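To be precise, the following lines are work33.pdb, and they hold PDB, C-alpha atoms, pLDDT in the B column.
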ATOM      1  CA  MET A  82      11.718  35.595 -12.780  1.00 93.00           C
ATOM      2  CA  ARG A  83       8.635  33.788 -14.027  1.00 95.00           C
ATOM      3  CA  ILE A  84       6.054  35.632 -16.126  1.00 97.00           C
ATOM      4  CA  ASP A  85       2.713  34.156 -17.178  1.00 97.00           C
ATOM      5  CA  VAL A  86       0.801  36.001 -19.891  1.00 98.00           C
ATOM      6  CA  ILE A  87      -2.943  35.466 -20.331  1.00 98.00           C
ATOM      7  CA  THR A  88      -3.926  36.570 -23.829  1.00 98.00           C
ATOM      8  CA  LEU A  89      -6.275  35.868 -26.705  1.00 97.00           C
ATOM      9  CA  PHE A  90      -3.364  36.165 -29.132  1.00 97.00           C
ATOM     10  CA  PRO A  91      -0.241  34.377 -27.830  1.00 96.00           C
ATOM     11  CA  GLY A  92       1.242  34.330 -31.333  1.00 95.00           C
ATOM     12  CA  MET A  93       1.787  38.088 -31.164  1.00 96.00           C
ATOM     13  CA  PHE A  94       4.674  37.530 -28.747  1.00 95.00           C
ATOM     14  CA  THR A  95       6.648  35.220 -31.015  1.00 92.00           C
ATOM     15  CA  GLY A  96       8.879  37.862 -32.607  1.00 90.00           C
ATOM     16  CA  PRO A  97       9.682  40.169 -29.682  1.00 91.00           C
ATOM     17  CA  LEU A  98      10.449  37.342 -27.255  1.00 90.00           C
ATOM     18  CA  THR A  99      12.369  35.054 -29.605  1.00 88.00           C
ATOM     19  CA  GLU A 100      15.015  37.523 -30.755  1.00 90.00           C
ATOM     20  CA  SER A 101      18.063  39.280 -29.352  1.00 92.00           C
ATOM     21  CA  ILE A 102      18.388  39.962 -25.617  1.00 91.00           C
ATOM     22  CA  LEU A 103      15.024  38.526 -24.547  1.00 93.00           C
ATOM     23  CA  GLN A 104      15.687  35.255 -26.341  1.00 91.00           C
ATOM     24  CA  ARG A 105      19.055  34.872 -24.622  1.00 91.00           C
ATOM     25  CA  ALA A 106      17.467  35.687 -21.266  1.00 93.00           C
ATOM     26  CA  ARG A 107      14.976  32.828 -21.765  1.00 92.00           C
ATOM     27  CA  GLU A 108      17.532  30.220 -22.810  1.00 90.00           C
ATOM     28  CA  THR A 109      18.806  27.598 -20.405  1.00 79.00           C
ATOM     29  CA  ARG A 110      22.202  28.377 -18.912  1.00 84.00           C
ATOM     30  CA  SER A 111      24.942  25.910 -18.003  1.00 80.00           C
ATOM     31  CA  ASP A 112      23.545  25.531 -14.475  1.00 81.00           C
ATOM     32  CA  GLY A 113      20.166  24.452 -15.866  1.00 77.00           C
ATOM     33  CA  THR A 114      18.353  27.704 -15.030  1.00 84.00           C
ATOM     34  CA  SER A 115      17.125  30.638 -17.086  1.00 90.00           C
ATOM     35  CA  LEU A 116      17.045  34.314 -16.201  1.00 93.00           C
ATOM     36  CA  LEU A 117      13.565  34.821 -17.619  1.00 94.00           C
ATOM     37  CA  ASP A 118      10.847  32.154 -17.764  1.00 94.00           C
ATOM     38  CA  VAL A 119       7.844  33.304 -19.801  1.00 94.00           C
ATOM     39  CA  HIS A 120       4.697  31.263 -20.488  1.00 95.00           C
ATOM     40  CA  PHE A 121       1.638  32.091 -22.570  1.00 96.00           C
ATOM     41  CA  HIS A 122      -1.926  30.997 -21.883  1.00 97.00           C
ATOM     42  CA  ASP A 123      -4.657  31.295 -24.498  1.00 98.00           C
ATOM     43  CA  LEU A 124      -7.695  32.808 -22.791  1.00 98.00           C
ATOM     44  CA  ARG A 125      -9.918  31.053 -25.323  1.00 97.00           C
ATOM     45  CA  GLN A 126      -9.077  27.717 -23.668  1.00 97.00           C
ATOM     46  CA  PHE A 127     -10.987  28.890 -20.598  1.00 98.00           C
ATOM     47  CA  GLY A 128     -14.055  30.009 -22.559  1.00 98.00           C
ATOM     48  CA  THR A 129     -17.592  28.752 -21.965  1.00 97.00           C
ATOM     49  CA  GLY A 130     -19.801  26.565 -24.148  1.00 95.00           C
ATOM     50  CA  THR A 131     -19.147  24.824 -27.435  1.00 96.00           C
ATOM     51  CA  TYR A 132     -17.614  27.912 -29.007  1.00 95.00           C
ATOM     52  CA  LYS A 133     -15.410  28.801 -26.018  1.00 97.00           C
ATOM     53  CA  GLN A 134     -17.009  32.201 -25.550  1.00 97.00           C
ATOM     54  CA  VAL A 135     -14.850  34.661 -23.628  1.00 98.00           C
ATOM     55  CA  ASP A 136     -16.861  37.881 -23.953  1.00 98.00           C
ATOM     56  CA  ASP A 137     -20.437  39.169 -23.883  1.00 97.00           C
ATOM     57  CA  ARG A 138     -22.482  42.321 -24.368  1.00 96.00           C
ATOM     58  CA  PRO A 139     -22.165  44.976 -21.634  1.00 95.00           C
ATOM     59  CA  TYR A 140     -25.043  45.440 -19.213  1.00 96.00           C
ATOM     60  CA  GLY A 141     -26.663  48.805 -19.778  1.00 96.00           C
ATOM     61  CA  GLY A 142     -25.973  48.707 -23.491  1.00 94.00           C
ATOM     62  CA  GLY A 143     -23.218  50.298 -25.505  1.00 90.00           C
ATOM     63  CA  ALA A 144     -20.821  49.403 -28.279  1.00 88.00           C
ATOM     64  CA  GLY A 145     -18.293  46.600 -28.039  1.00 92.00           C
ATOM     65  CA  MET A 146     -17.966  43.512 -25.914  1.00 96.00           C
ATOM     66  CA  VAL A 147     -16.590  42.860 -22.417  1.00 97.00           C
ATOM     67  CA  LEU A 148     -14.403  39.964 -21.278  1.00 97.00           C
ATOM     68  CA  ARG A 149     -16.389  37.783 -18.872  1.00 98.00           C
ATOM     69  CA  ALA A 150     -15.490  37.557 -15.182  1.00 98.00           C
ATOM     70  CA  ASP A 151     -16.052  33.796 -14.950  1.00 98.00           C
ATOM     71  CA  VAL A 152     -13.683  33.146 -17.874  1.00 98.00           C
ATOM     72  CA  VAL A 153     -10.898  35.486 -16.785  1.00 98.00           C
ATOM     73  CA  VAL A 154     -10.989  34.450 -13.124  1.00 98.00           C
ATOM     74  CA  LYS A 155     -10.861  30.784 -14.118  1.00 98.00           C
ATOM     75  CA  ALA A 156      -7.762  31.524 -16.189  1.00 98.00           C
ATOM     76  CA  ILE A 157      -6.034  33.487 -13.422  1.00 98.00           C
ATOM     77  CA  GLU A 158      -6.738  30.812 -10.818  1.00 98.00           C
ATOM     78  CA  LYS A 159      -5.596  27.975 -13.087  1.00 97.00           C
ATOM     79  CA  VAL A 160      -2.383  29.760 -14.050  1.00 97.00           C
ATOM     80  CA  THR A 161      -1.701  30.508 -10.386  1.00 96.00           C
ATOM     81  CA  GLU A 162      -2.243  26.875  -9.440  1.00 94.00           C
ATOM     82  CA  GLU A 163       0.082  25.666 -12.199  1.00 92.00           C
ATOM     83  CA  GLY A 164       2.780  28.151 -11.264  1.00 91.00           C
ATOM     84  CA  ARG A 165       2.785  27.044  -7.637  1.00 89.00           C
ATOM     85  CA  THR A 166       3.109  23.365  -8.517  1.00 86.00           C
ATOM     86  CA  GLU A 167       5.434  23.607 -11.507  1.00 77.00           C
ATOM     87  CA  GLY A 168       7.849  26.339 -10.531  1.00 59.00           C
ATOM     88  CA  ILE A 169       9.453  26.251 -13.970  1.00 47.00           C
ATOM     89  CA  ARG A 170       8.641  24.085 -16.966  1.00 48.00           C
ATOM     90  CA  ASP A 171       9.391  23.940 -20.670  1.00 45.00           C
ATOM     91  CA  SER A 172       9.027  27.407 -22.162  1.00 47.00           C
ATOM     92  CA  ASP A 173       6.893  28.199 -25.167  1.00 54.00           C
ATOM     93  CA  PHE A 174       8.214  28.845 -28.682  1.00 50.00           C
ATOM     94  CA  GLY A 175      10.528  25.826 -28.517  1.00 46.00           C
ATOM     95  CA  ILE A 176      12.934  27.393 -26.026  1.00 40.00           C
ATOM     96  CA  ARG A 177      13.722  24.810 -23.386  1.00 39.00           C
ATOM     97  CA  THR A 178      14.197  25.625 -19.723  1.00 38.00           C
ATOM     98  CA  SER A 179      14.882  23.359 -16.776  1.00 37.00           C
ATOM     99  CA  LYS A 180      12.090  21.170 -15.405  1.00 40.00           C
ATOM    100  CA  LEU A 181      12.753  22.400 -11.896  1.00 40.00           C
ATOM    101  CA  ASN A 182      14.487  25.512 -10.664  1.00 43.00           C
ATOM    102  CA  THR A 183      14.880  25.892  -6.902  1.00 43.00           C
ATOM    103  CA  GLN A 184      14.616  29.664  -7.217  1.00 48.00           C
ATOM    104  CA  HIS A 185      11.135  29.326  -8.718  1.00 48.00           C
ATOM    105  CA  SER A 186       9.970  26.133  -6.997  1.00 51.00           C
ATOM    106  CA  LYS A 187       8.989  28.194  -3.940  1.00 57.00           C
ATOM    107  CA  LEU A 188       6.706  30.565  -5.830  1.00 65.00           C
ATOM    108  CA  LYS A 189       3.585  31.266  -3.815  1.00 79.00           C
ATOM    109  CA  THR A 190       1.958  34.576  -4.697  1.00 92.00           C
ATOM    110  CA  PRO A 191       2.053  36.146  -8.162  1.00 96.00           C
ATOM    111  CA  HIS A 192       1.747  39.876  -8.733  1.00 98.00           C
ATOM    112  CA  ARG A 193      -1.205  40.176 -11.143  1.00 98.00           C
ATOM    113  CA  ILE A 194      -1.182  43.059 -13.604  1.00 98.00           C
ATOM    114  CA  TYR A 195      -3.947  44.176 -15.960  1.00 98.00           C
ATOM    115  CA  PHE A 196      -3.164  46.605 -18.781  1.00 98.00           C
ATOM    116  CA  SER A 197      -5.741  49.369 -19.046  1.00 94.00           C
ATOM    117  CA  PRO A 198      -5.935  53.045 -20.091  1.00 91.00           C
ATOM    118  CA  ARG A 199      -7.282  53.634 -16.577  1.00 93.00           C
ATOM    119  CA  GLY A 200      -4.147  52.192 -15.008  1.00 96.00           C
ATOM    120  CA  LYS A 201      -1.184  53.894 -13.385  1.00 96.00           C
ATOM    121  CA  ARG A 202       1.331  55.272 -15.893  1.00 97.00           C
ATOM    122  CA  LEU A 203       4.335  52.974 -16.292  1.00 97.00           C
ATOM    123  CA  THR A 204       7.584  54.637 -15.223  1.00 95.00           C
ATOM    124  CA  GLN A 205      11.156  53.464 -14.836  1.00 93.00           C
ATOM    125  CA  ALA A 206      10.774  53.559 -11.058  1.00 94.00           C
ATOM    126  CA  ASN A 207       7.782  51.225 -11.314  1.00 96.00           C
ATOM    127  CA  VAL A 208       9.713  48.969 -13.688  1.00 97.00           C
ATOM    128  CA  GLU A 209      12.565  48.652 -11.197  1.00 94.00           C
ATOM    129  CA  LYS A 210      10.135  47.824  -8.392  1.00 96.00           C
ATOM    130  CA  THR A 211       8.344  45.232 -10.534  1.00 97.00           C
ATOM    131  CA  ALA A 212      11.645  43.622 -11.548  1.00 96.00           C
ATOM    132  CA  LYS A 213      12.280  42.692  -7.908  1.00 95.00           C
ATOM    133  CA  ARG A 214       9.299  40.333  -7.901  1.00 95.00           C
ATOM    134  CA  ASP A 215       9.731  36.602  -8.547  1.00 94.00           C
ATOM    135  CA  TRP A 216       6.474  36.016 -10.402  1.00 96.00           C
ATOM    136  CA  LEU A 217       4.146  38.097 -12.560  1.00 98.00           C
ATOM    137  CA  ILE A 218       0.821  37.257 -14.166  1.00 98.00           C
ATOM    138  CA  LEU A 219      -0.035  39.662 -16.984  1.00 98.00           C
ATOM    139  CA  LEU A 220      -3.630  39.922 -18.205  1.00 98.00           C
ATOM    140  CA  CYS A 221      -4.086  41.345 -21.701  1.00 98.00           C
ATOM    141  CA  GLY A 222      -7.508  42.887 -22.133  1.00 96.00           C
ATOM    142  CA  HIS A 223      -9.445  43.289 -25.382  1.00 92.00           C
ATOM    143  CA  TYR A 224     -12.611  44.841 -26.778  1.00 89.00           C
ATOM    144  CA  GLU A 225     -14.124  47.224 -24.197  1.00 92.00           C
ATOM    145  CA  GLY A 226     -12.059  45.708 -21.397  1.00 95.00           C
ATOM    146  CA  ILE A 227     -12.841  43.287 -18.588  1.00 97.00           C
ATOM    147  CA  ASP A 228     -15.750  42.893 -16.172  1.00 98.00           C
ATOM    148  CA  GLN A 229     -15.056  45.286 -13.276  1.00 98.00           C
ATOM    149  CA  ARG A 230     -15.754  42.505 -10.763  1.00 98.00           C
ATOM    150  CA  ILE A 231     -12.428  40.903 -11.717  1.00 98.00           C
ATOM    151  CA  ILE A 232     -10.706  43.957 -10.272  1.00 98.00           C
ATOM    152  CA  ASP A 233     -13.098  44.599  -7.387  1.00 98.00           C
ATOM    153  CA  GLY A 234     -12.955  40.934  -6.362  1.00 98.00           C
ATOM    154  CA  GLY A 235      -9.197  41.049  -5.803  1.00 98.00           C
ATOM    155  CA  TRP A 236      -7.965  39.033  -8.789  1.00 98.00           C
ATOM    156  CA  ILE A 237      -5.919  41.997 -10.054  1.00 98.00           C
ATOM    157  CA  ASP A 238      -3.204  43.634  -7.949  1.00 98.00           C
ATOM    158  CA  GLU A 239      -2.250  46.499 -10.232  1.00 98.00           C
ATOM    159  CA  GLU A 240      -3.553  48.272 -13.336  1.00 98.00           C
ATOM    160  CA  ILE A 241      -0.908  49.694 -15.655  1.00 98.00           C
ATOM    161  CA  SER A 242      -1.057  52.012 -18.663  1.00 97.00           C
ATOM    162  CA  ILE A 243       1.852  52.723 -20.997  1.00 97.00           C
ATOM    163  CA  GLY A 244       0.404  56.036 -22.168  1.00 96.00           C
ATOM    164  CA  ASP A 245      -2.637  58.216 -22.717  1.00 94.00           C
ATOM    165  CA  TYR A 246      -3.858  56.497 -25.859  1.00 92.00           C
ATOM    166  CA  VAL A 247      -5.924  53.431 -26.710  1.00 90.00           C
ATOM    167  CA  LEU A 248      -4.580  50.228 -28.264  1.00 93.00           C
ATOM    168  CA  THR A 249      -6.478  47.256 -29.667  1.00 93.00           C
ATOM    169  CA  GLY A 250      -5.387  45.037 -26.797  1.00 96.00           C
ATOM    170  CA  GLY A 251      -3.031  44.520 -23.897  1.00 97.00           C
ATOM    171  CA  GLU A 252      -0.447  42.504 -25.819  1.00 98.00           C
ATOM    172  CA  LEU A 253       1.749  45.447 -26.833  1.00 97.00           C
ATOM    173  CA  PRO A 254       1.813  46.905 -23.285  1.00 98.00           C
ATOM    174  CA  ALA A 255       2.696  43.437 -21.986  1.00 98.00           C
ATOM    175  CA  MET A 256       5.634  43.261 -24.413  1.00 97.00           C
ATOM    176  CA  VAL A 257       6.785  46.701 -23.264  1.00 98.00           C
ATOM    177  CA  LEU A 258       6.673  45.690 -19.600  1.00 98.00           C
ATOM    178  CA  ILE A 259       8.439  42.364 -20.185  1.00 97.00           C
ATOM    179  CA  ASP A 260      11.219  44.080 -22.136  1.00 96.00           C
ATOM    180  CA  ALA A 261      11.662  46.858 -19.571  1.00 96.00           C
ATOM    181  CA  VAL A 262      11.603  44.478 -16.601  1.00 97.00           C
ATOM    182  CA  ALA A 263      13.975  41.976 -18.224  1.00 95.00           C
ATOM    183  CA  ARG A 264      16.633  44.685 -18.557  1.00 93.00           C
ATOM    184  CA  GLN A 265      16.653  45.022 -14.769  1.00 93.00           C
ATOM    185  CA  ILE A 266      17.357  41.328 -14.124  1.00 93.00           C
ATOM    186  CA  PRO A 267      21.055  40.857 -13.262  1.00 92.00           C
ATOM    187  CA  GLY A 268      22.877  39.135 -16.097  1.00 91.00           C
ATOM    188  CA  VAL A 269      20.398  39.906 -18.880  1.00 93.00           C
ATOM    189  CA  LEU A 270      22.355  42.844 -20.316  1.00 90.00           C
ATOM    190  CA  GLY A 271      25.766  41.432 -19.496  1.00 74.00           C
ATOM    191  CA  LYS A 272      27.059  44.596 -17.799  1.00 64.00           C
ATOM    192  CA  GLU A 273      25.317  45.842 -14.672  1.00 59.00           C
ATOM    193  CA  GLU A 274      26.067  49.483 -15.511  1.00 49.00           C
ATOM    194  CA  SER A 275      24.110  49.111 -18.750  1.00 55.00           C
ATOM    195  CA  ALA A 276      20.888  49.132 -16.743  1.00 55.00           C
ATOM    196  CA  GLN A 277      22.086  51.397 -13.958  1.00 59.00           C
ATOM    197  CA  GLU A 278      23.100  54.365 -16.122  1.00 59.00           C
ATOM    198  CA  GLU A 279      20.333  54.846 -18.647  1.00 66.00           C
ATOM    199  CA  SER A 280      17.432  57.205 -19.155  1.00 56.00           C
ATOM    200  CA  PHE A 281      15.173  57.660 -16.105  1.00 61.00           C
ATOM    201  CA  SER A 282      17.378  55.459 -13.885  1.00 63.00           C
ATOM    202  CA  ALA A 283      17.931  56.385 -10.245  1.00 68.00           C
ATOM    203  CA  SER A 284      21.658  56.995 -10.840  1.00 62.00           C
ATOM    204  CA  LEU A 285      20.780  59.744 -13.353  1.00 59.00           C
ATOM    205  CA  GLY A 286      18.208  61.298 -11.062  1.00 72.00           C
ATOM    206  CA  ARG A 287      15.376  59.992 -13.289  1.00 73.00           C
ATOM    207  CA  LYS A 288      16.606  62.291 -16.071  1.00 80.00           C
ATOM    208  CA  LYS A 289      17.152  61.439 -19.720  1.00 86.00           C
ATOM    209  CA  GLU A 290      20.482  59.884 -20.558  1.00 87.00           C
ATOM    210  CA  TYR A 291      23.398  61.945 -21.906  1.00 91.00           C
ATOM    211  CA  PRO A 292      24.333  61.829 -25.642  1.00 94.00           C
ATOM    212  CA  HIS A 293      26.593  59.061 -26.944  1.00 94.00           C
ATOM    213  CA  TYR A 294      29.314  59.127 -29.586  1.00 97.00           C
ATOM    214  CA  THR A 295      31.532  56.543 -31.274  1.00 97.00           C
ATOM    215  CA  ARG A 296      33.946  56.326 -34.222  1.00 96.00           C
ATOM    216  CA  PRO A 297      34.727  58.117 -36.460  1.00 97.00           C
ATOM    217  CA  GLU A 298      35.850  61.158 -34.463  1.00 97.00           C
ATOM    218  CA  GLU A 299      34.674  63.437 -37.252  1.00 97.00           C
ATOM    219  CA  PHE A 300      31.684  62.850 -39.501  1.00 98.00           C
ATOM    220  CA  ARG A 301      30.663  65.349 -42.171  1.00 98.00           C
ATOM    221  CA  GLY A 302      32.112  68.241 -40.255  1.00 97.00           C
ATOM    222  CA  MET A 303      30.728  67.216 -36.862  1.00 98.00           C
ATOM    223  CA  ARG A 304      33.281  66.261 -34.207  1.00 98.00           C
ATOM    224  CA  VAL A 305      33.016  64.250 -31.021  1.00 97.00           C
ATOM    225  CA  PRO A 306      33.157  66.613 -27.996  1.00 97.00           C
ATOM    226  CA  ASP A 307      36.773  67.102 -26.907  1.00 97.00           C
ATOM    227  CA  VAL A 308      36.043  66.162 -23.309  1.00 97.00           C
ATOM    228  CA  LEU A 309      35.136  62.605 -24.357  1.00 98.00           C
ATOM    229  CA  LEU A 310      38.528  62.263 -26.051  1.00 97.00           C
ATOM    230  CA  SER A 311      40.473  63.731 -23.130  1.00 97.00           C
ATOM    231  CA  GLY A 312      40.712  60.629 -20.966  1.00 96.00           C
ATOM    232  CA  HIS A 313      39.855  62.712 -17.853  1.00 97.00           C
ATOM    233  CA  HIS A 314      37.196  60.563 -16.214  1.00 97.00           C
ATOM    234  CA  LYS A 315      36.058  63.195 -13.699  1.00 97.00           C
ATOM    235  CA  GLU A 316      35.562  65.752 -16.452  1.00 97.00           C
ATOM    236  CA  ILE A 317      33.717  63.183 -18.560  1.00 97.00           C
ATOM    237  CA  GLU A 318      31.449  62.315 -15.654  1.00 94.00           C
ATOM    238  CA  LYS A 319      30.794  66.017 -15.027  1.00 95.00           C
ATOM    239  CA  TRP A 320      29.959  66.570 -18.724  1.00 96.00           C
ATOM    240  CA  ARG A 321      27.588  63.617 -18.743  1.00 92.00           C
ATOM    241  CA  LYS A 322      25.720  64.895 -15.700  1.00 90.00           C
ATOM    242  CA  GLU A 323      25.422  68.337 -17.279  1.00 94.00           C
ATOM    243  CA  MET A 324      24.108  66.834 -20.521  1.00 93.00           C
ATOM    244  CA  SER A 325      21.509  64.665 -18.773  1.00 88.00           C
ATOM    245  CA  GLY A 326      18.125  66.285 -18.727  1.00 80.00           C
TER
END
As C-alpha cells, how would this structure be written, given the file I've shared?
Amino acid sequence: MRIDVITLFPGMFTGPLTESILQRARETRSDGTSLLDVHFHDLRQFGTGTYKQVDDRPYGGGAGMVLRADVVVKAIEKVTEEGRTEGIRDSDFGIRTSKLNTQHSKLKTPHRIYFSPRGKRLTQANVEKTAKRDWLILLCGHYEGIDQRIIDGGWIDEEISIGDYVLTGGELPAMVLIDAVARQIPGVLGKEESAQEESFSASLGRKKEYPHYTRPEEFRGMRVPDVLLSGHHKEIEKWRKEMSG
C-alpha cells in the first residue's frame, strides 16, 4: 500500500512511523518491495506568494484562518500526478524502498481522505475496508479547517473523524489511521490471526477482545483462569467468546 500525507508538519510523523512495527513494514524486503510505502508532502511548498501563504481569513468574518482551496487542490493534484508516474520511490526519514514496485506501478486513482470533526466516525470495519485499497492520500487540516470548495469540488472522497473532540490538526488522526490500516496488511504483524482476532474484528462479532494472561500462573493471590491451563481448546474458545463483550 502507498500512503501520501499532505501536512504542514511532516516532522510530527518521525517518531510513530520510524519505530517498531510500522518501521519494519516500511523497510525494503528481500524481494525489493515494502509492505507500506509512506510519503510526506509539506503543504507549505504549495503556498502562494513570497511567504508561501497557505491560509487566509474566512469570508463572513470569525476567528481563525482557513486553508485555501487553490493551495490544497494544487497539492492534491501534484501528489496524485507523482504517485501515478512514480509508483514507489525512496521513502522519507531515510528508510529506503525500491525504485519500482510492480504492485504500485499501476496505481491510478487514490482514495483521498480529509480528517475533520464533521467526518464519519472511524471504526474497525472502516479500517478493514480502507486497508484493501492500494493508495491513500491523507489531508491533514489545520486552523479552522479547509475551504469547503475542496470537498464540494470532488477533491476529497471521504471525511473521517476519530472522535467527538477537537484536535489542533489532522496529523494525529492520520497517524491513528495509518497504524490501524497497517495492521490489516498481510505480513505486517507476522501472524494473520493477530489481526483477525482482536477487539472489534469481524471474527469477534465487532466486540471487545477477551482478557489475556501469561506467566506467572499466580501473581499476588490472583490466578490465571483454570480453563486457560486445561489444554481443552474447545473450552478455551468457548470461554473467550463468553468473555468478549
Self-check item: Spatial neighbours of stretch 211-213 of chain A, max dist 10 Å, all atoms listed in the file, sep filter under 3 positions, as a ChimeraX atom specification
Solution: /A:82,192,205-208,216-217,258-259,261-267
Quiz item: Can you tell me, as a list of chain:residue names, what residues are no more than 8 Å from stretch 156-158 of chain A when counting all atoms listed in the file, ignoring any on the same chain fewer than 3 positions away?
Solution: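 Surrounding residues, per the criterion: A:Ile87, A:Leu124, A:Phe127, A:Val152, A:Val153, A:Thr161, A:Glu162, A:Ile218, A:Trp236.
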Quiz prompt | Selection dump of the PyMOL selection byres ((chain A and resi 111-119) around 6), as a count of residues only | solution = 11
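The residue set within 10 Å of stretch 297-307 of chain A, counting all atoms listed in the file and dropping same-chain residues fewer than 4 places from it, reads His293, Ser311, Gly312, Ile317 and Trp320 of chain A.
Residue nearest A:Val247, chosen from A:Arg199, A:Asp228, A:Leu270, A:Asp260 and counting all atoms listed in the file: A:Arg199.
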Self-check item: Contacts of stretch 91-97 of chain A within 9 Å, all atoms listed in the file, excl. fewer than 4 positions in-chain, as a PyMOL selection string
Solution: chain A and resi 86-87+101+103-104+121-123+174+252-253+256+260
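Take atom CA of A:Arg165 and atom CA of A:Phe90: the distance between them is 24.1 Å.
Here atom CA of A:Cys221 and atom CA of A:Gln134 stand 16.3 Å from one another.
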Quiz item: To one decimal place, how far is atom CA of A:Asp137 from atom CA of A:Gly164 in Å?
Solution: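 Atom-to-atom, atom CA of A:Asp137 and atom CA of A:Gly164 are spaced 28.6 Å apart.
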Quiz item: Which polymer residues have any atom within 10 Å of an atom of A:Gly250, counting only C-alpha atoms, with same-chain residues fewer than 6 positions away left out, as a list in words?
Solution: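 Counting only the stated atoms, we get Thr88, Leu89, Phe90, Phe196, Ser197, Cys221, Gly222, His223, Tyr224, Glu225 and Gly226 of chain A.
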Output the selection as a PDB file, in the frame of the given file - C-alpha atoms for each residue.
ATOM      1  CA  THR A  88      -3.926  36.570 -23.829  1.00 98.00           C
ATOM      2  CA  LEU A  89      -6.275  35.868 -26.705  1.00 97.00           C
ATOM      3  CA  PHE A  90      -3.364  36.165 -29.132  1.00 97.00           C
ATOM      4  CA  PHE A 196      -3.164  46.605 -18.781  1.00 98.00           C
ATOM      5  CA  SER A 197      -5.741  49.369 -19.046  1.00 94.00           C
ATOM      6  CA  CYS A 221      -4.086  41.345 -21.701  1.00 98.00           C
ATOM      7  CA  GLY A 222      -7.508  42.887 -22.133  1.00 96.00           C
ATOM      8  CA  HIS A 223      -9.445  43.289 -25.382  1.00 92.00           C
ATOM      9  CA  TYR A 224     -12.611  44.841 -26.778  1.00 89.00           C
ATOM     10  CA  GLU A 225     -14.124  47.224 -24.197  1.00 92.00           C
ATOM     11  CA  GLY A 226     -12.059  45.708 -21.397  1.00 95.00           C
TER      12      GLY A 226
END
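Between A:Ile227 and the residues A:Lys288, A:Arg149, A:Lys322, A:His313, the shortest atom-to-atom distance, using all atoms listed in the file, involves A:Arg149.
Proximity to A:Leu220 was assessed for A:Gly251, A:Gly130, A:Gly244, A:Gly268 counting all atoms listed in the file; the smallest distance is recorded for A:Gly251.
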Practice problem: Might you spell out which residues the PyMOL selection byres ((chain A and resi 242) around 6) would select in the displayed file, as a PyMOL selection string? | Solution: chain A and resi 196-198+200-203+241+243-244
File of the preceding selection, C-alpha atoms, as an mmCIF file, in the frame of the given file:
data_model
loop_
_atom_site.group_PDB
_atom_site.id
_atom_site.type_symbol
_atom_site.label_atom_id
_atom_site.label_comp_id
_atom_site.auth_asym_id
_atom_site.auth_seq_id
_atom_site.Cartn_x
_atom_site.Cartn_y
_atom_site.Cartn_z
ATOM 1 C CA PHE A 196 -3.164 46.605 -18.781
ATOM 2 C CA SER A 197 -5.741 49.369 -19.046
ATOM 3 C CA PRO A 198 -5.935 53.045 -20.091
ATOM 4 C CA GLY A 200 -4.147 52.192 -15.008
ATOM 5 C CA LYS A 201 -1.184 53.894 -13.385
ATOM 6 C CA ARG A 202 1.331 55.272 -15.893
ATOM 7 C CA LEU A 203 4.335 52.974 -16.292
ATOM 8 C CA ILE A 241 -0.908 49.694 -15.655
ATOM 9 C CA ILE A 243 1.852 52.723 -20.997
ATOM 10 C CA GLY A 244 0.404 56.036 -22.168
#
Quiz item: Pick from A:Thr166, A:Ile194, A:Lys319, A:Leu309: nearest to A:Ile232, with all atoms listed in the file counted?
Solution: A:Ile194
